[in-house]
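For reference, final_17.cif (mmCIF, C-alpha atoms and all ligand atoms):
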data_start
#
loop_
_atom_site.label_atom_id
_atom_site.label_comp_id
_atom_site.auth_asym_id
_atom_site.auth_seq_id
_atom_site.Cartn_x
_atom_site.Cartn_y
_atom_site.Cartn_z
CA MET H 25 74.87 65.45 94.96
CA SER H 26 74.95 62.46 92.65
CA ALA H 27 73.96 62.84 89.00
CA HIS H 28 70.72 61.09 89.78
CA ASP H 29 69.89 63.47 92.63
CA GLN H 30 70.72 66.42 90.44
CA MET H 31 68.40 65.21 87.72
CA ARG H 32 65.67 64.71 90.26
CA ALA H 33 66.12 68.22 91.67
CA MET H 34 65.90 69.64 88.17
CA LEU H 35 62.72 67.75 87.42
CA ASP H 36 61.19 68.82 90.73
CA GLN H 37 61.95 72.42 89.94
CA LEU H 38 60.38 72.11 86.52
CA MET H 39 57.35 70.02 87.21
CA GLY H 40 56.31 70.64 90.78
CA THR H 41 54.65 67.85 92.71
CA GLY H 42 52.10 66.74 90.14
CA ARG H 43 48.36 66.99 89.91
CA ASN H 44 47.32 66.23 93.48
CA GLY H 45 50.00 68.56 94.86
CA GLU H 46 51.18 65.95 97.36
CA ASN H 47 53.52 63.88 95.29
CA ASN H 48 56.55 64.57 97.48
CA LYS H 49 58.19 62.56 100.18
CA PHE H 50 56.54 64.59 102.95
CA HIS H 51 53.01 64.17 101.51
CA VAL H 52 52.09 67.79 102.04
CA LYS H 53 50.91 70.66 99.87
CA PHE H 54 52.98 73.81 99.54
CA ASN H 55 50.53 75.76 101.72
CA ASP H 56 50.85 73.36 104.64
CA PRO H 57 52.03 75.26 107.75
CA ARG H 58 54.89 72.78 108.09
CA VAL H 59 56.41 73.98 104.82
CA CYS H 60 59.10 76.66 105.13
CA LYS H 61 57.78 79.80 103.45
CA SER H 62 61.21 81.40 103.36
CA PHE H 63 62.40 78.38 101.40
CA LEU H 64 59.53 78.82 98.94
CA LEU H 65 60.89 82.35 98.40
CA SER H 66 64.50 81.09 98.18
CA CYS H 67 65.67 82.95 101.25
CA CYS H 68 65.74 80.49 104.16
CA PRO H 69 68.94 81.06 106.18
CA HIS H 70 69.16 77.31 106.82
CA GLU H 71 69.61 76.79 103.10
CA ILE H 72 71.72 79.84 102.30
CA LEU H 73 74.20 79.28 105.13
CA SER H 74 74.42 75.52 104.82
CA SER H 75 77.96 74.10 104.93
CA THR H 76 79.40 77.40 106.13
CA ARG H 77 80.89 77.90 109.58
CA MET H 78 77.48 79.20 110.65
CA ASP H 79 75.57 76.21 109.33
CA LEU H 80 72.27 76.22 111.23
CA GLY H 81 71.57 72.57 110.61
CA GLU H 82 68.47 71.34 108.92
CA CYS H 83 65.49 73.72 108.89
CA PRO H 84 62.75 72.62 111.31
CA LYS H 85 60.31 73.15 108.45
CA ILE H 86 59.98 71.29 105.19
CA HIS H 87 62.16 72.24 102.21
CA ASP H 88 61.23 70.72 98.87
CA LEU H 89 62.00 72.07 95.41
CA ALA H 90 58.83 70.63 93.91
CA LEU H 91 56.75 72.48 96.50
CA ARG H 92 58.55 75.68 95.57
CA ALA H 93 57.60 75.10 91.94
CA ASP H 94 53.97 74.50 93.00
CA PHE H 95 53.99 77.71 94.99
CA GLU H 96 55.46 79.79 92.19
CA LYS H 97 52.77 78.54 89.85
CA ALA H 98 49.92 79.02 92.34
CA GLN H 99 51.10 82.50 93.31
CA GLN H 100 50.54 83.63 89.72
CA SER H 101 46.78 83.20 90.02
CA LYS H 102 46.32 83.93 93.71
CA ASP H 103 48.30 86.00 96.19
CA TYR H 104 49.50 84.04 99.21
CA PHE H 105 51.42 86.91 100.86
CA TYR H 106 54.22 84.58 101.91
CA ASP H 107 56.64 87.46 101.43
CA LEU H 108 55.27 88.86 104.71
CA ASP H 109 55.86 85.59 106.53
CA ALA H 110 59.35 85.31 105.11
CA MET H 111 60.05 88.87 106.18
CA GLU H 112 59.13 88.11 109.79
CA HIS H 113 61.35 85.06 109.73
CA LEU H 114 64.32 87.00 108.34
CA GLN H 115 63.75 89.92 110.70
CA ALA H 116 63.90 87.62 113.69
CA PHE H 117 66.95 85.85 112.33
CA ILE H 118 68.86 89.05 111.51
CA SER H 119 68.04 90.77 114.78
CA ASP H 120 69.36 87.68 116.57
CA CYS H 121 72.55 87.90 114.54
CA ASP H 122 72.94 91.60 115.21
CA ARG H 123 72.44 91.00 118.92
CA ARG H 124 75.22 88.42 118.79
CA THR H 125 77.48 90.77 116.85
CA GLU H 126 76.97 93.36 119.55
CA SER H 127 77.92 90.96 122.31
CA ALA H 128 80.96 89.78 120.34
CA LYS H 129 82.04 93.42 120.07
CA GLN H 130 81.43 93.83 123.76
CA ARG H 131 83.62 90.82 124.54
CA LEU H 132 86.38 92.19 122.32
CA ALA H 133 86.21 95.55 124.03
CA GLU H 134 86.63 93.82 127.38
CA THR H 135 89.48 91.52 126.40
CA GLN H 136 91.52 93.59 123.98
CA GLU H 137 93.98 96.09 125.23
CA GLU H 138 92.29 99.46 124.99
CA LEU H 139 93.63 101.93 122.43
CA SER H 140 93.70 105.64 122.95
CA ALA H 141 91.17 107.53 120.83
CA GLU H 142 93.94 108.71 118.54
CA VAL H 143 95.36 105.23 117.94
CA ALA H 144 91.88 103.79 117.55
CA VAL H 145 91.29 106.13 114.61
CA LYS H 146 94.51 104.91 113.02
CA ALA H 147 93.57 101.28 113.58
CA ASN H 148 90.17 101.95 112.05
CA ASN H 149 91.81 103.41 108.97
CA VAL H 150 93.73 100.19 108.45
CA HIS H 151 90.61 98.10 109.01
CA GLU H 152 88.60 100.10 106.52
CA LEU H 153 91.22 99.95 103.79
CA GLN H 154 91.59 96.25 104.44
CA GLU H 155 87.89 95.76 104.03
CA GLN H 156 87.86 97.63 100.72
CA ILE H 157 90.82 95.60 99.47
CA GLY H 158 89.18 92.33 100.47
CA GLN H 159 85.91 93.25 98.81
CA LYS H 160 87.48 94.47 95.59
CA LEU H 161 89.81 91.50 95.39
CA ALA H 162 86.92 89.09 95.82
CA LYS H 163 84.95 90.95 93.16
CA ALA H 164 87.93 91.00 90.78
CA GLU H 165 88.36 87.25 91.20
CA GLN H 166 84.69 86.66 90.56
CA LEU H 167 84.70 88.81 87.42
CA GLY H 168 87.86 87.14 86.20
CA ALA H 169 86.31 83.71 86.67
CA GLU H 170 83.25 84.83 84.69
CA GLY H 171 85.43 85.96 81.80
CA PHE H 172 85.22 89.73 82.33
CA VAL H 173 88.96 90.13 82.09
CA GLU H 174 89.10 93.86 81.47
CA GLU H 175 86.77 94.75 84.35
CA SER H 176 88.72 92.43 86.58
CA MET H 177 92.04 94.06 85.67
CA LYS H 178 90.62 97.49 86.31
CA LEU H 179 89.60 96.42 89.80
CA MET H 180 93.06 94.96 90.40
CA GLU H 181 94.54 98.37 89.61
CA GLU H 182 92.28 99.90 92.21
CA VAL H 183 93.39 97.21 94.64
CA ASP H 184 97.00 98.21 94.05
CA GLU H 185 96.16 101.82 94.87
CA LEU H 186 94.40 100.75 98.05
CA ARG H 187 97.37 98.60 99.02
CA LYS H 188 99.65 101.60 98.86
CA LYS H 189 97.26 103.57 101.05
CA LYS H 190 97.03 100.68 103.46
CA LEU H 191 100.83 100.46 103.79
CA GLU H 192 100.88 104.10 104.76
CA ALA H 193 98.03 103.66 107.20
CA GLU H 194 99.80 100.67 108.75
CA GLN H 195 102.98 102.63 109.10
CA GLU H 196 101.16 105.39 110.93
CA TYR H 197 99.45 102.91 113.17
CA ARG H 198 102.73 101.14 113.91
CA ASN H 199 104.50 104.39 114.76
CA SER H 200 101.86 105.30 117.30
CA MET H 201 102.63 102.46 119.71
CA PRO H 202 105.45 100.31 121.07
CA ALA H 203 106.44 97.35 118.87
CA SER H 204 105.20 94.78 121.36
CA SER H 205 101.62 96.10 121.29
CA TYR H 206 101.72 96.49 117.55
CA GLN H 207 102.44 92.81 117.16
CA GLN H 208 99.25 91.84 118.93
CA GLN H 209 96.48 90.90 116.57
CA LYS H 210 93.70 93.45 116.89
CA LEU H 211 90.38 91.96 116.01
CA ARG H 212 87.20 93.48 114.80
CA VAL H 213 83.79 92.01 114.13
CA CYS H 214 82.40 91.97 110.58
CA GLU H 215 79.14 93.94 110.66
CA VAL H 216 77.63 91.77 107.94
CA CYS H 217 78.35 88.23 109.12
CA SER H 218 79.85 88.76 112.61
CA ALA H 219 83.05 86.86 111.81
CA TYR H 220 86.28 88.15 113.36
CA LEU H 221 88.68 90.07 111.14
CA GLY H 222 92.24 90.72 112.23
CA ILE H 223 94.23 93.86 111.60
CA HIS H 224 97.18 91.75 110.44
CA ASP H 225 95.14 89.53 108.12
CA ASN H 226 96.66 89.29 104.68
CA ASP H 227 94.87 90.07 101.42
CA ARG H 228 94.29 86.42 100.64
CA ARG H 229 92.45 85.81 103.87
CA LEU H 230 90.43 88.98 103.41
CA ALA H 231 89.44 88.08 99.86
CA ASP H 232 88.43 84.63 101.09
CA HIS H 233 86.30 86.24 103.76
CA PHE H 234 84.56 88.83 101.56
CA GLY H 235 84.13 86.43 98.64
CA GLY H 236 83.25 83.48 100.87
CA LYS H 237 79.92 81.69 101.12
CA LEU H 238 79.27 82.84 104.68
CA HIS H 239 79.75 86.57 104.11
CA LEU H 240 77.97 86.51 100.72
CA GLY H 241 75.16 84.44 102.21
CA PHE H 242 74.60 87.08 104.88
CA ILE H 243 74.61 89.80 102.22
CA LYS H 244 71.97 87.86 100.31
CA ILE H 245 69.78 87.45 103.40
CA ARG H 246 70.16 91.10 104.39
CA GLU H 247 69.39 92.33 100.88
CA LYS H 248 66.35 90.11 100.67
CA LEU H 249 65.12 91.45 103.99
CA THR H 250 65.57 95.07 102.87
CA GLU H 251 63.68 94.29 99.69
CA LEU H 252 60.82 92.64 101.60
CA GLU H 253 60.62 95.47 104.11
CA LYS H 254 60.32 98.05 101.36
CA THR H 255 56.94 96.75 100.23
CA ALA H 256 55.78 95.44 103.61
CA GLU H 257 53.38 98.24 104.56
CA LYS H 258 51.60 98.12 101.24
CA ARG H 259 51.54 94.35 101.24
CA LYS H 260 50.06 94.23 104.75
CA GLU H 261 47.22 96.49 103.62
CA GLU H 262 46.62 94.26 100.63
CA ARG H 263 46.64 91.19 102.81
CA LYS H 264 44.10 92.72 105.18
CA ARG H 265 41.76 93.40 102.28
CA ALA H 266 42.30 89.97 100.78
CA PHE H 267 41.72 88.32 104.17
CA LYS H 268 38.33 89.97 104.43
CA ASP H 269 37.35 88.76 100.99
CA ARG H 270 38.56 85.29 101.74
CA GLU H 271 37.06 84.98 105.19
CA ARG H 272 35.74 81.50 104.49
CA ASP H 273 38.39 80.54 102.01
CA ASP H 274 40.01 77.63 103.76
CA ASP H 275 42.58 77.07 101.08
CA TYR H 276 44.55 79.99 102.39
CA TYR H 277 46.70 78.33 104.96
CA GLY H 278 46.16 74.70 104.25
CA GLY H 279 42.71 74.69 105.83
CA ARG H 280 43.71 76.43 109.04
CA ARG H 281 43.72 80.02 110.12
CA TYR H 282 47.32 80.03 110.89
CA ARG H 283 49.71 82.54 112.31
CA GLU H 284 53.36 81.74 112.30
CA HIS H 285 55.60 82.50 115.23
CA TYR H 286 59.30 82.43 114.98
CA VAL H 287 60.96 81.14 118.10
CA GLY H 288 63.57 83.76 118.83
CA GLY H 289 67.14 82.65 119.20
CA ARG H 290 66.42 78.97 119.16
CA GLU H 291 67.77 78.54 115.66
CA LEU H 292 71.04 80.13 116.58
CA ASP H 293 71.30 78.46 119.95
CA ARG H 294 71.03 75.15 118.22
CA ARG H 295 74.20 76.01 116.39
CA SER H 296 76.18 75.79 119.59
CA ARG H 297 74.58 72.53 120.61
CA ARG H 298 74.59 70.92 117.25
CA HIS H 299 77.89 69.09 117.51
CA ARG H 300 76.68 67.32 120.57
CA SER H 301 73.23 66.43 119.46
CA LYS H 302 73.08 66.65 115.70
CA SER H 303 72.41 62.99 115.11
CA ARG H 304 69.94 62.75 117.95
CA GLU H 305 68.02 65.76 116.70
CA ARG H 306 67.84 64.38 113.24
CA ARG H 307 66.59 61.06 114.53
CA ASP H 308 63.86 62.78 116.53
CA ARG H 309 62.84 64.93 113.63
CA ASP H 310 62.58 61.97 111.29
CA LYS H 311 60.43 60.26 113.87
CA ASP H 312 58.17 63.35 114.00
CA ARG H 313 57.91 63.47 110.27
CA ASN H 314 57.00 59.82 109.99
CA ARG H 315 54.39 60.29 112.67
CA ASP H 316 52.94 63.25 110.76
CA LYS H 317 52.89 61.25 107.60
CA ASP H 318 51.04 58.39 109.24
CA ARG H 319 48.52 60.71 110.75
CA ASP H 320 47.87 62.42 107.46
CA ARG H 321 47.17 59.24 105.61
ZN ZN H 401 63.64 76.83 106.06
ZN ZN H 402 81.74 89.16 106.89
#
Rewrite the structure from the file as structure tokens, please.
Ligand SMILES: [Zn+2]
Ligand SMILES: [Zn+2]
Amino acid sequence: MSAHDQMRAMLDQLMGTGRNGENNKFHVKFNDPRVCKSFLLSCCPHEILSSTRMDLGECPKIHDLALRADFEKAQQSKDYFYDLDAMEHLQAFISDCDRRTESAKQRLAETQEELSAEVAVKANNVHELQEQIGQKLAKAEQLGAEGFVEESMKLMEEVDELRKKKLEAEQEYRNSMPASSYQQQKLRVCEVCSAYLGIHDNDRRLADHFGGKLHLGFIKIREKLTELEKTAEKRKEERKRAFKDRERDDDYYGGRRYREHYVGGRELDRRSRRHRSKSRERRDRDKDRNRDKDRDR
């Protein structure tokens, strides 16, 4: 982002879109159905995972910082219940991801040489210690970078302890099979972000994984979803009551009674196609947007 763009983003965040609520390049209000409600709540996976290996490409809905500022202000005087919409979006997204994680595991089970139950336990031990090391190392680095030197050092001591345990666990694992099989990289799928982790990965790679944007992004999305689900029942009741009171209130969803439907795995499927058709998609979308703009004028 150039300095000018940064300044603009800051101003948008502070000021919103201005008095008529449409002073943005899309010429919409924040409650227009075309605006991404998850983005308004800072949890759209398209934004959080952008420029990671799982980049989903541009969100099919509108993202605009000024609209987010408008929403935050409006929400203070009137409840829009967008948390419920965002929850549905994230639920669909996460269940898609979990489905993919399951099939990745399935594929691994089919292609990797099968371990006896006893050896599998030993391999799991190594994996688990590795995971703890990676997570602690990433955390220690983060704390160190933020100036919490003492806390960071304390974590590094714990990492050292875990390393010793891991060496032992590796030794046990190695002793339980012929050298040639031991050399093979055994993979496992990260439950959080579905990336592959190898049993011979070194600490550096593990720290990069657990402290990386992709893994942390997935943690953020999953935590947000848990948070939204906690209040969902109560919020749905409240929405039902509010809906009754606002029967003829056409400000609610930009003048339309509007129910949002998330289109299953399409977001993720696009990921696999995106190299082929990224530019074409973008061209089409811009065309759509321009058409919408013209129509709205
Ligand atoms: Zn979005
Ligand atoms: Zn991960």
Worksheet item: Do you know which residues are within 8 Å of ligand ZN 402 (chain H) using all atoms listed in the file? Can you write them as number ranges by chain?
Response: H: 214-220, 233-234, 238-240, 242
Item to complete: Give me the residues within 10 Å of segment 130-143 of chain H as a ChimeraX atom specification, counting all atoms listed in the file and dropping any in the same chain fewer than 3 places off.
Response: /H:124-127,146-149,196-201,205,208-213,220
Discussion item. What's around Leu230 of chain H at 12 Å? Count all atoms listed in the file, leave out sequence neighbours fewer than 6 positions away in its own chain, and write the answer as a ChimeraX atom specification.
Written reply: /H:151-163,214,219-224,236,239
Return as CSV the residues of chain H lying at most 8 Å from ligand ZN 401 (chain H), together with the closest atom-to-atom pair for each and the distance in Å to one decimal, counting all atoms listed in the file, with rows in chain order and ascending residue number.
residue,atom,partner,partner_atom,distance
H:Val59,CA,H:ZN401,ZN,7.9
H:Cys60,CA,H:ZN401,ZN,4.6
H:Lys61,CA,H:ZN401,ZN,7.1
H:Ser62,CA,H:ZN401,ZN,5.8
H:Phe63,CA,H:ZN401,ZN,5.1
H:Cys68,CA,H:ZN401,ZN,4.6
H:Pro69,CA,H:ZN401,ZN,6.8
H:His70,CA,H:ZN401,ZN,5.6
H:Glu71,CA,H:ZN401,ZN,6.7
H:Glu82,CA,H:ZN401,ZN,7.9
H:Cys83,CA,H:ZN401,ZN,4.6
H:Pro84,CA,H:ZN401,ZN,6.8
H:Lys85,CA,H:ZN401,ZN,5.5
H:Ile86,CA,H:ZN401,ZN,6.7
H:His87,CA,H:ZN401,ZN,6.2
Response to the item:
Computed gap from atom CA of Met111 of chain H to atom CA of Ala33 of chain H is 26.0 Å
Fill in: Residue among H:Met39, H:Tyr106, H:Gln115, H:Asp79 lying closest to Leu65 of chain H, counting all atoms listed in the file
H:Tyr106
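In this structure, atom CA of Asp29 of chain H sits 17.7 Å away from atom CA of Ser74 of chain H.
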Fill in: Length of the atom CA of Lys254 of chain H to atom CA of Leu108 of chain H vector [Å]
11.0 Å
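Residue nearest Glu165 of chain H within the list H:Arg77, H:Lys178, H:Lys244, H:Arg187: H:Lys178 [criterion: smallest interatomic distance, only C-alpha atoms].
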Please give the centre and size of the box around segment 48-60 of chain H (axis-aligned, containing every atom listed in the file, 8 Å added per side), with values in Å to one decimal and written as AutoDock Vina command-line options.
--center_x 54.8 --center_y 69.6 --center_z 102.8 --size_x 24.6 --size_y 30.1 --size_z 26.6
Item to complete: Have a look at H:Ile245, H:Ile72, H:Leu64, H:Leu89 and name the one nearest to Gly40 of chain H; count all atoms listed in the file.
Response: H:Leu89
